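A.B. asks: Just input_9.txt, nothing more (compact mmCIF, C-alpha atoms):
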```
# COMPACT_ATOMS: atom_id res chain seq x y z
CA MET A 216 0.00 0.00 0.00
CA GLN A 217 2.90 2.38 0.69
CA LYS A 218 4.05 1.86 -2.89
CA ILE A 219 0.60 2.92 -4.13
CA VAL A 220 0.73 6.13 -2.07
CA THR A 221 4.23 6.91 -3.34
CA PHE A 222 3.15 6.28 -6.93
CA PHE A 223 0.28 8.77 -6.72
CA LEU A 224 2.45 11.41 -5.05
CA VAL A 225 5.04 11.16 -7.83
CA LEU A 226 2.27 11.21 -10.44
CA PHE A 227 0.79 14.42 -8.98
CA ILE A 228 4.15 16.18 -9.00
CA ASN A 229 4.85 15.21 -12.61
CA LEU A 230 1.40 16.26 -13.79
CA SER A 231 1.71 19.56 -11.95
CA LEU A 232 5.07 20.34 -13.54
CA GLN A 233 3.79 19.47 -17.00
CA ALA A 234 0.54 21.38 -16.64
CA GLN A 235 2.21 24.59 -15.47
CA SER A 236 3.56 25.18 -18.96
CA LEU A 237 0.02 24.98 -20.44
CA LEU A 238 -2.55 26.49 -18.06
CA PRO A 239 -2.09 27.96 -14.58
CA THR A 240 -2.34 25.63 -11.59
CA LYS A 241 -4.61 26.85 -8.80
CA TYR A 242 -4.41 26.10 -5.10
CA GLY A 243 -7.18 26.23 -2.55
CA ILE A 244 -8.81 25.00 0.62
CA LYS A 245 -11.88 22.81 1.16
CA LEU A 246 -14.15 22.64 4.20
CA GLY A 247 -17.21 20.50 4.70
CA ALA A 248 -19.09 17.73 6.45
CA ASN A 249 -19.23 13.94 6.20
CA ILE A 250 -22.37 11.85 6.55
CA SER A 251 -20.60 8.58 7.18
CA ASN A 252 -21.70 5.02 7.81
CA ILE A 253 -20.25 1.53 8.02
CA ILE A 254 -21.25 -1.63 6.21
CA ALA A 255 -20.33 -5.02 7.61
CA GLU A 256 -20.04 -8.64 6.56
CA ALA A 257 -20.98 -11.01 9.39
CA ASN A 258 -19.70 -14.47 10.14
CA ASP A 259 -22.17 -17.35 10.49
CA GLY A 260 -24.03 -17.42 13.78
CA VAL A 261 -24.60 -13.70 14.33
CA GLU A 262 -27.40 -11.47 13.11
CA SER A 263 -27.15 -8.70 10.55
CA PHE A 264 -25.57 -5.39 11.38
CA ASP A 265 -27.89 -2.42 12.06
CA ALA A 266 -25.90 0.81 11.59
CA SER A 267 -26.81 4.50 11.71
CA GLN A 268 -25.02 7.53 10.35
CA LEU A 269 -22.53 9.78 12.09
CA PHE A 270 -21.72 13.36 11.14
CA GLY A 271 -18.12 14.50 10.95
CA PHE A 272 -15.85 17.29 9.71
CA ASN A 273 -13.59 17.30 6.66
CA GLY A 274 -11.15 19.91 5.45
CA GLY A 275 -7.78 20.42 3.84
CA PHE A 276 -5.86 21.50 0.77
CA TYR A 277 -6.86 21.32 -2.87
CA MET A 278 -5.14 21.74 -6.24
CA GLU A 279 -6.60 22.30 -9.69
CA ILE A 280 -4.19 21.17 -12.40
CA ALA A 281 -5.46 21.87 -15.92
CA LEU A 282 -4.65 19.31 -18.60
CA ASN A 283 -6.76 21.29 -21.11
CA ASP A 284 -9.88 23.46 -20.90
CA LYS A 285 -12.07 20.44 -20.06
CA TRP A 286 -9.99 17.89 -18.16
CA TYR A 287 -8.34 18.52 -14.79
CA ILE A 288 -6.41 16.63 -12.13
CA ASN A 289 -7.49 17.79 -8.66
CA PRO A 290 -5.32 16.30 -5.89
CA GLU A 291 -6.63 16.73 -2.35
CA LEU A 292 -4.99 16.33 1.04
CA ILE A 293 -7.93 16.13 3.46
CA TYR A 294 -8.52 15.49 7.15
CA SER A 295 -11.74 13.46 7.45
CA GLN A 296 -13.87 12.19 10.35
CA LYS A 297 -15.82 9.00 9.72
CA GLY A 298 -17.59 6.23 11.63
CA SER A 299 -20.98 4.93 12.69
CA SER A 300 -23.09 3.86 15.63
CA PHE A 301 -24.35 0.30 15.27
CA THR A 302 -26.16 -2.56 16.95
CA TYR A 303 -25.85 -6.30 16.50
CA SER A 304 -27.39 -9.35 18.20
CA TYR A 305 -25.84 -12.68 19.05
CA VAL A 306 -26.52 -15.86 21.03
CA HIS A 307 -24.28 -17.12 23.80
CA ASP A 308 -24.58 -20.80 24.79
CA TYR A 309 -23.36 -21.52 28.30
CA GLU A 310 -21.76 -24.77 29.36
CA VAL A 311 -24.91 -26.43 30.83
CA ASN A 312 -27.94 -26.10 28.51
CA GLN A 313 -28.31 -22.38 28.99
CA ARG A 314 -28.72 -19.84 26.22
CA ASP A 315 -28.57 -16.05 26.41
CA GLU A 316 -29.66 -13.90 23.45
CA ARG A 317 -27.93 -10.54 23.70
CA LYS A 318 -27.93 -7.17 21.95
CA SER A 319 -24.84 -4.97 21.79
CA SER A 320 -24.87 -1.24 20.91
CA ASN A 321 -21.60 0.36 19.89
CA GLU A 322 -20.04 3.49 18.42
CA LEU A 323 -16.94 3.77 16.25
CA LYS A 324 -15.31 7.14 15.49
CA LEU A 325 -12.43 7.31 13.01
CA SER A 326 -10.11 10.12 11.89
CA TYR A 327 -8.17 9.88 8.62
CA ILE A 328 -5.78 11.86 6.48
CA GLU A 329 -6.81 11.30 2.85
CA ILE A 330 -5.11 11.66 -0.51
CA ASN A 331 -7.74 11.99 -3.24
CA PRO A 332 -6.35 12.09 -6.80
CA THR A 333 -9.56 13.31 -8.41
CA ILE A 334 -10.07 13.44 -12.20
CA SER A 335 -12.56 16.12 -13.30
CA TYR A 336 -14.40 16.97 -16.49
CA LYS A 337 -15.85 20.50 -16.67
CA THR A 338 -19.02 21.10 -18.66
CA LYS A 339 -20.31 24.38 -20.10
CA GLN A 340 -23.02 24.49 -17.41
CA LYS A 341 -20.49 25.27 -14.62
CA ILE A 342 -20.68 21.66 -13.49
CA SER A 343 -17.69 19.40 -13.00
CA ILE A 344 -17.99 15.60 -13.02
CA ASN A 345 -15.47 14.11 -10.59
CA PHE A 346 -14.17 10.60 -10.00
CA GLY A 347 -11.07 8.88 -8.70
CA PRO A 348 -9.54 6.73 -5.96
CA SER A 349 -9.14 7.65 -2.31
CA ILE A 350 -6.21 6.60 -0.14
CA SER A 351 -6.77 7.09 3.61
CA TYR A 352 -4.35 6.71 6.52
CA LEU A 353 -5.86 6.23 9.98
CA LEU A 354 -4.85 8.90 12.52
CA SER A 355 -7.02 7.80 15.44
CA SER A 356 -9.94 5.52 16.34
CA GLU A 357 -12.37 5.47 19.25
CA TYR A 358 -14.51 2.39 19.87
CA ASN A 359 -17.13 2.62 22.61
CA ILE A 360 -19.57 -0.03 23.86
CA LEU A 361 -22.77 1.86 24.66
CA SER A 362 -24.72 -1.12 26.04
CA ASP A 363 -24.67 -4.92 26.07
CA GLU A 364 -27.92 -6.38 27.37
CA SER A 365 -30.05 -9.53 27.30
CA ILE A 366 -32.97 -9.63 24.87
CA ASN A 367 -34.46 -13.01 25.77
CA LEU A 368 -32.75 -14.57 28.76
CA CYS A 369 -33.68 -18.26 29.06
CA CYS A 370 -31.74 -19.10 32.11
CA SER A 371 -29.47 -17.28 34.52
CA GLY A 372 -25.80 -17.98 34.00
CA ALA A 373 -22.80 -17.43 36.21
CA GLU A 374 -20.46 -16.66 33.33
CA ILE A 375 -19.39 -13.10 32.57
CA LEU A 376 -19.08 -12.39 28.86
CA GLU A 377 -16.06 -10.41 27.78
CA ASP A 378 -16.53 -7.09 26.00
CA SER A 379 -16.17 -6.96 22.25
CA TYR A 380 -13.08 -5.28 20.83
CA TYR A 381 -12.11 -3.51 17.65
CA GLN A 382 -9.06 -4.56 15.62
CA GLU A 383 -8.23 -1.71 13.24
CA GLU A 384 -6.45 -1.39 9.91
CA ASN A 385 -4.26 1.66 9.26
CA LEU A 386 -4.96 2.04 5.53
CA ASP A 387 -8.17 2.24 3.53
CA LEU A 388 -8.60 2.36 -0.25
CA GLY A 389 -11.84 3.72 -1.68
CA LEU A 390 -13.56 5.29 -4.67
CA ASN A 391 -14.99 8.83 -4.97
CA ILE A 392 -17.73 9.82 -7.45
CA GLY A 393 -19.39 13.23 -7.39
CA LEU A 394 -20.22 16.65 -8.84
CA SER A 395 -19.03 20.22 -8.34
CA TYR A 396 -20.91 23.41 -9.17
CA TYR A 397 -18.86 26.57 -9.78
CA LEU A 398 -20.47 29.68 -8.32
CA SER A 399 -17.52 31.61 -9.77
CA GLU A 400 -14.14 30.73 -11.26
CA ASP A 401 -12.61 30.43 -7.81
CA PHE A 402 -15.49 29.30 -5.60
CA PHE A 403 -17.49 26.08 -5.86
CA ILE A 404 -19.61 23.63 -3.88
CA ASP A 405 -18.89 19.93 -4.03
CA GLY A 406 -20.72 16.69 -3.29
CA LYS A 407 -19.48 13.12 -3.61
CA VAL A 408 -20.09 9.55 -2.55
CA ASN A 409 -17.17 7.67 -1.01
CA THR A 410 -17.22 3.87 -1.05
CA GLY A 411 -14.55 1.91 0.80
CA LEU A 412 -13.03 -1.04 -1.04
CA MET A 413 -11.03 -2.56 1.83
CA SER A 414 -11.64 -3.76 5.37
CA ILE A 415 -11.03 -0.99 7.90
CA GLY A 416 -11.11 -3.43 10.81
CA LYS A 417 -12.98 -6.19 12.61
CA ILE A 418 -15.40 -6.17 15.54
CA SER A 419 -14.66 -9.34 17.49
CA LYS A 420 -16.25 -11.07 20.46
CA GLU A 421 -15.81 -14.48 22.05
CA ILE A 422 -19.21 -16.12 21.59
CA TYR A 423 -20.48 -19.65 21.05
CA THR A 424 -22.71 -20.53 18.12
CA GLY A 425 -23.66 -23.94 19.48
CA SER A 426 -23.36 -26.22 22.47
CA ASP A 427 -19.92 -27.41 21.35
CA PRO A 428 -17.17 -25.26 22.97
CA ASP A 429 -14.99 -25.91 19.93
CA LYS A 430 -17.34 -23.71 17.87
CA LEU A 431 -15.94 -20.53 19.38
CA ASN A 432 -16.47 -17.67 16.93
CA GLU A 433 -14.18 -14.69 17.43
CA LYS A 434 -14.16 -12.56 14.26
CA ILE A 435 -17.76 -11.45 13.93
CA TYR A 436 -17.94 -8.42 11.64
CA ASP A 437 -15.62 -7.20 8.88
CA LEU A 438 -16.17 -3.43 8.45
CA GLN A 439 -16.00 -1.05 5.48
CA ASN A 440 -16.48 2.73 5.22
CA ILE A 441 -19.19 4.36 3.13
CA GLY A 442 -20.46 7.93 3.15
CA ILE A 443 -21.55 11.18 1.50
CA VAL A 444 -19.30 14.26 1.59
CA PHE A 445 -20.37 17.88 1.12
CA SER A 446 -17.77 20.64 0.80
CA ILE A 447 -17.16 24.23 -0.22
CA ALA A 448 -13.86 25.23 -1.78
CA TYR A 449 -12.04 28.47 -2.59
CA LEU A 450 -9.17 28.67 -5.10
CA PHE A 451 -6.37 31.24 -4.93
```
Before we go any further, please render this structure as structure tokens.
C.D. replies:
Amino acid sequence: MQKIVTFFLVLFINLSLQAQSLLPTKYGIKLGANISNIIAEANDGVESFDASQLFGFNGGFYMEIALNDKWYINPELIYSQKGSSFTYSYVHDYEVNQRDERKSSNELKLSYIEINPTISYKTKQKISINFGPSISYLLSSEYNILSDESINLCCSGAEILEDSYYQEENLDLGLNIGLSYYLSEDFFIDGKVNTGLMSIGKISKEIYTGSDPDKLNEKIYDLQNIGIVFSIAYLF
């Protein structure tokens, strides 16, 4: 993954140097908000993931490198807050014919630094069509268990279930698709959808999916980022 990041950095520098001899390169700042969520793939034996959106901040630096009067390369270096609050249910089978159905509510907050090598096509209607990959490096994560309670307790058990835990990944690769509307030559509003293509981490918990203790299931959910981003930008 580090080789991919290095490749895009070198590509941006080369494109910038080449484009400067044709049309002027502009620099700017972007500020906005994320409406982020998480999708998850569950292992056998646990119920589907029920997630809700979190709102976060995004902002950083922006370049507009003209290849011609229609096509542009727009590299971004952005700080971005993502995450979700979510609930999942699972069944714990105790050692002696006892079953406890439980519901766990959680919250995951993530902060990234992103490199977005956006390719843009400008139309005559002051609209720009934007697409490109997104490379994100994790700066910090905060995983909180809001509640973990019984839904349908069959029998009382003496066992204490351990809390779930979050095992994070430092890098995320995604895809951005969106539109920009230019209010003037140097000021525009921007909206895009970001879809993660890699696992950002795993929510794990030691649970049993049957009466056999050998059926211990640890890795429960494999998580991916998804969200909508709204921004305003000013070019110098």
A.B. asks: Out of A:Ser379, A:Ile418, A:Leu398, A:Leu390, which residue has the shortest atom-to-atom distance to Asp363 of chain A when counting all atoms listed in the file?
C.D. replies: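 Of the candidates, the smallest distance to Asp363 of chain A is held by A:Ser379.
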A.B. asks: What lies within 8 Å of Leu323 of chain A using all atoms listed in the file, ignoring chain neighbours under 4 positions off, as a list in words?
C.D. replies: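 Counting only the stated atoms, we get Gly298, Ser299, Ser300, Ser356, Glu357, Tyr358 and Asn359 of chain A.
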A.B. asks: With distances taken over all atoms listed in the file, which residue among A:Ser349, A:Ser446, A:Ser395, A:Thr410 lies nearest Pro290 of chain A?
C.D. replies: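 Checking each candidate against Pro290 of chain A, we get A:Ser349 as the closest.
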A.B. asks: So what do you get for atom CA of Ile330 of chain A versus atom CA of Tyr380 of chain A, distance-wise?
C.D. replies: 28.4 Å
A.B. asks: When you look at Ile244 of chain A with a cut-off of 6 Å (counting only C-alpha atoms), what residues show up, excluding the ones that are within fewer than 3 positions of it in the same chain? I need them as a list in words.
C.D. replies: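 With the cut-off at 6 Å, the set is Gly275, Phe276, Tyr277, Ala448 and Tyr449 of chain A.
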